file protein07.csv (CSV, N, CA and C atoms)
chain,number,residue,atom,x,y,z
T,1458,MET,N,-1.1,-5.4,-1.7
T,1458,MET,CA,0.4,-5.5,-1.9
T,1458,MET,C,0.9,-6.8,-1.3
T,1459,ALA,N,1.6,-7.5,-2.1
T,1459,ALA,CA,2.1,-8.8,-1.6
T,1459,ALA,C,3.3,-8.6,-0.7
T,1460,THR,N,3.5,-9.6,0.3
T,1460,THR,CA,4.6,-9.5,1.2
T,1460,THR,C,5.4,-10.8,1.2
T,1461,ASN,N,6.3,-10.9,2.1
T,1461,ASN,CA,7.2,-12.0,2.2
T,1461,ASN,C,8.1,-12.2,1.0
T,1462,ASN,N,8.1,-13.4,0.4
T,1462,ASN,CA,9.0,-13.7,-0.7
T,1462,ASN,C,8.3,-13.3,-2.1
T,1463,LYS,N,7.1,-12.9,-2.1
T,1463,LYS,CA,6.4,-12.6,-3.3
T,1463,LYS,C,6.8,-11.1,-3.7
T,1464,LEU,N,6.7,-10.9,-5.0
T,1464,LEU,CA,7.0,-9.5,-5.5
T,1464,LEU,C,5.8,-8.6,-5.1
T,1465,GLN,N,6.2,-7.4,-4.8
T,1465,GLN,CA,5.1,-6.4,-4.5
T,1465,GLN,C,4.5,-5.9,-5.7
T,1466,SER,N,3.2,-5.6,-5.7
T,1466,SER,CA,2.6,-5.0,-6.9
T,1466,SER,C,2.3,-3.6,-6.7
T,1467,CYS,N,2.3,-2.8,-7.7
T,1467,CYS,CA,2.1,-1.3,-7.6
T,1467,CYS,C,0.6,-1.1,-7.6
T,1468,PRO,N,0.1,-0.4,-6.5
T,1468,PRO,CA,-1.3,-0.1,-6.5
T,1468,PRO,C,-1.8,0.9,-7.5
T,1469,LEU,N,-0.9,1.8,-8.0
T,1469,LEU,CA,-1.3,2.8,-9.0
T,1469,LEU,C,-1.3,2.2,-10.4
T,1470,LEU,N,-0.2,1.5,-10.8
T,1470,LEU,CA,-0.1,1.0,-12.1
T,1470,LEU,C,-1.0,-0.2,-12.4
T,1471,SER,N,-1.5,-0.9,-11.3
T,1471,SER,CA,-2.3,-2.0,-11.4
T,1471,SER,C,-3.8,-1.7,-11.5
T,1472,ILE,N,-4.2,-0.5,-11.3
T,1472,ILE,CA,-5.6,-0.1,-11.3
T,1472,ILE,C,-6.2,-0.4,-12.7
T,1473,ASN,N,-7.3,-1.1,-12.7
T,1473,ASN,CA,-8.1,-1.4,-13.9
T,1473,ASN,C,-7.3,-2.0,-15.1
T,1474,THR,N,-6.2,-2.6,-14.8
T,1474,THR,CA,-5.5,-3.3,-15.9
T,1474,THR,C,-5.7,-4.8,-16.0
T,1475,GLY,N,-6.2,-5.4,-14.9
T,1475,GLY,CA,-6.4,-6.8,-14.9
T,1475,GLY,C,-5.1,-7.6,-14.7
T,1476,ILE,N,-4.0,-6.8,-14.7
T,1476,ILE,CA,-2.6,-7.4,-14.6
T,1476,ILE,C,-1.9,-6.6,-13.4
T,1477,GLU,N,-1.4,-7.4,-12.5
T,1477,GLU,CA,-0.6,-6.7,-11.4
T,1477,GLU,C,0.7,-6.3,-11.9
T,1478,MET,N,1.0,-5.0,-11.9
T,1478,MET,CA,2.3,-4.5,-12.3
T,1478,MET,C,3.2,-4.5,-11.1
T,1479,VAL,N,4.5,-4.9,-11.3
T,1479,VAL,CA,5.5,-5.0,-10.3
T,1479,VAL,C,5.9,-3.7,-9.8
T,1480,CYS,N,6.0,-3.6,-8.4
T,1480,CYS,CA,6.5,-2.4,-7.8
T,1480,CYS,C,8.0,-2.2,-8.2
T,1481,VAL,N,8.4,-1.0,-8.6
T,1481,VAL,CA,9.8,-0.7,-9.0
T,1481,VAL,C,10.6,-0.2,-7.8
T,1482,GLN,N,10.0,-0.2,-6.6
T,1482,GLN,CA,10.6,0.1,-5.3
T,1482,GLN,C,11.4,1.4,-5.4
T,1483,ASN,N,12.7,1.4,-5.2
T,1483,ASN,CA,13.5,2.6,-5.1
T,1483,ASN,C,13.5,3.5,-6.3
T,1484,LYS,N,13.0,3.0,-7.4
T,1484,LYS,CA,12.9,3.8,-8.6
T,1484,LYS,C,11.6,4.6,-8.7
T,1485,CYS,N,10.8,4.4,-7.7
T,1485,CYS,CA,9.5,5.1,-7.6
T,1485,CYS,C,9.5,6.2,-6.5
T,1486,SER,N,8.9,7.3,-6.8
T,1486,SER,CA,8.8,8.4,-5.9
T,1486,SER,C,7.8,8.1,-4.7
T,1487,TRP,N,7.0,7.1,-4.9
T,1487,TRP,CA,6.0,6.8,-3.9
T,1487,TRP,C,6.5,5.7,-2.9
T,1488,TYR,N,7.7,5.2,-3.2
T,1488,TYR,CA,8.3,4.1,-2.3
T,1488,TYR,C,9.0,4.7,-1.1
T,1489,VAL,N,8.7,4.2,0.1
T,1489,VAL,CA,9.4,4.6,1.3
T,1489,VAL,C,10.4,3.6,1.7
T,1490,PRO,N,11.7,3.8,1.4
T,1490,PRO,CA,12.7,2.8,1.6
T,1490,PRO,C,12.9,2.3,3.1
T,1491,ASN,N,12.7,3.2,4.1
T,1491,ASN,CA,13.0,2.8,5.4
T,1491,ASN,C,11.9,1.8,6.0
T,1492,VAL,N,10.7,1.7,5.4
T,1492,VAL,CA,9.7,0.8,5.8
T,1492,VAL,C,9.5,-0.3,4.7
T,1493,LYS,N,10.1,-0.1,3.5
T,1493,LYS,CA,10.0,-1.0,2.4
T,1493,LYS,C,8.6,-1.2,2.0
T,1494,LYS,N,7.8,-0.1,1.9
T,1494,LYS,CA,6.4,-0.1,1.5
T,1494,LYS,C,6.1,1.1,0.6
T,1495,CYS,N,5.1,1.0,-0.1
T,1495,CYS,CA,4.6,2.1,-1.0
T,1495,CYS,C,3.8,3.1,-0.1
T,1496,ALA,N,4.0,4.4,-0.4
T,1496,ALA,CA,3.3,5.4,0.3
T,1496,ALA,C,1.8,5.3,0.2
T,1497,ILE,N,1.4,4.9,-1.0
T,1497,ILE,CA,-0.1,4.7,-1.2
T,1497,ILE,C,-0.6,3.6,-0.2
T,1498,TYR,N,0.1,2.5,-0.1
T,1498,TYR,CA,-0.3,1.5,0.8
T,1498,TYR,C,-0.3,2.0,2.3
T,1499,LEU,N,0.7,2.8,2.6
T,1499,LEU,CA,0.8,3.3,4.0
T,1499,LEU,C,-0.4,4.3,4.3
T,1500,LEU,N,-0.7,5.1,3.3
T,1500,LEU,CA,-1.9,6.0,3.5
T,1500,LEU,C,-3.2,5.2,3.7
T,1501,ALA,N,-3.4,4.2,2.9
T,1501,ALA,CA,-4.6,3.4,3.0
T,1501,ALA,C,-4.6,2.6,4.3
T,1502,TYR,N,-3.5,2.1,4.7
T,1502,TYR,CA,-3.4,1.4,6.0
T,1502,TYR,C,-3.7,2.3,7.2
T,1503,ASN,N,-3.1,3.5,7.2
T,1503,ASN,CA,-3.4,4.4,8.3
T,1503,ASN,C,-4.8,4.9,8.3
T,1504,ALA,N,-5.4,5.1,7.1
T,1504,ALA,CA,-6.8,5.5,7.1
T,1504,ALA,C,-7.7,4.3,7.6
T,1505,LEU,N,-7.4,3.1,7.3
T,1505,LEU,CA,-8.1,2.0,7.9
T,1505,LEU,C,-8.0,1.9,9.4
T,1506,LEU,N,-6.8,2.1,9.9
T,1506,LEU,CA,-6.7,2.1,11.4
T,1506,LEU,C,-7.5,3.2,12.0
T,1507,ASP,N,-7.5,4.4,11.4
T,1507,ASP,CA,-8.2,5.6,11.9
T,1507,ASP,C,-9.7,5.3,11.9
T,1508,ALA,N,-10.2,4.7,10.8
T,1508,ALA,CA,-11.6,4.4,10.7
T,1508,ALA,C,-12.0,3.4,11.7
T,1509,ASN,N,-11.2,2.4,11.9
T,1509,ASN,CA,-11.5,1.4,13.0
T,1509,ASN,C,-11.5,2.0,14.4
T,1510,GLN,N,-10.6,2.9,14.6
T,1510,GLN,CA,-10.6,3.5,15.9
T,1510,GLN,C,-11.8,4.4,16.2
T,1511,LYS,N,-12.3,5.1,15.1
T,1511,LYS,CA,-13.5,5.9,15.2
T,1511,LYS,C,-14.7,5.1,15.4
T,1512,GLN,N,-14.8,3.9,14.8
T,1512,GLN,CA,-15.9,3.0,15.0
T,1512,GLN,C,-16.0,2.5,16.4
T,1513,LYS,N,-14.8,2.2,16.9
T,1513,LYS,CA,-14.8,1.7,18.3
T,1513,LYS,C,-15.2,2.7,19.3
T,1514,ALA,N,-14.8,4.0,19.0
T,1514,ALA,CA,-15.1,5.1,19.9
T,1514,ALA,C,-16.6,5.4,19.9
T,1515,ALA,N,-17.2,5.2,18.7
T,1515,ALA,CA,-18.7,5.5,18.5
T,1515,ALA,C,-19.6,4.5,19.2
T,1516,LYS,N,-19.1,3.4,19.6
T,1516,LYS,CA,-19.9,2.3,20.2
T,1516,LYS,C,-20.2,2.6,21.6

call {"tool": "encode", "arguments": {"input": "protein07.csv", "output": "structure tokens"}}
result
Amino acid sequence: MATNNKLQSCPLLSINTGIEMVCVQNKCSWYVPNVKKCAIYLLAYNALLDANQKQKAAK
């Protein structure tokens, strides 16, 4: 998902299309307005943080 001044792309609509589809933000039920991010992005990011934490604990 692009940040800063670039348009955000939709992780669901962009799958296997070869073309990044633009995030429709407030018009999408997956968009979380208070953090200005897609819920799919947040789920993936939280899963990555959790996996990293588990790897550090296993060492």

call {"tool": "residues_around", "arguments": {"input": "protein07.csv", "residues": "segment 1488-1495 of chain T", "least_positions_apart": "3", "cutoff": "12 Å", "atoms": "only C-alpha atoms", "output": "list in words"}}
result
Met1458, Ala1459, Thr1460, Asn1461, Leu1464, Gln1465, Ser1466, Cys1467, Pro1468, Leu1469, Val1479, Cys1480, Val1481, Gln1482, Asn1483, Lys1484, Cys1485, Tyr1498, Leu1499, Leu1500, Ala1501 and Tyr1502 of chain T

call {"tool": "select_by_dssp", "arguments": {"input": "protein07.csv", "residues": "chain T", "states": "strand (DSSP E)", "output": "list in words"}}
result
Tyr1488, Val1489, Lys1494 and Cys1495 of chain T

call {"tool": "atom_distance", "arguments": {"input": "protein07.csv", "atom1": "atom N of Ala1508 of chain T", "atom2": "atom C of Trp1487 of chain T"}}
result
21.6 Å

call {"tool": "select_by_dssp", "arguments": {"input": "protein07.csv", "residues": "chain T", "states": "helix (DSSP H, G or I)", "output": "list in words"}}
result
Gln1482, Asn1483, Lys1484, Ala1496, Ile1497, Tyr1498, Leu1499, Leu1500, Ala1501, Tyr1502, Asn1503, Ala1504, Leu1505, Leu1506, Asp1507, Ala1508, Asn1509, Gln1510, Lys1511, Gln1512, Lys1513, Ala1514 and Ala1515 of chain T

call {"tool": "atom_distance", "arguments": {"input": "protein07.csv", "atom1": "atom CA of Ile1476 of chain T", "atom2": "atom N of Ile1497 of chain T"}}
result
18.8 Å

call {"tool": "atom_distance", "arguments": {"input": "protein07.csv", "atom1": "atom C of Thr1474 of chain T", "atom2": "atom C of Ser1486 of chain T"}}
result
21.8 Å
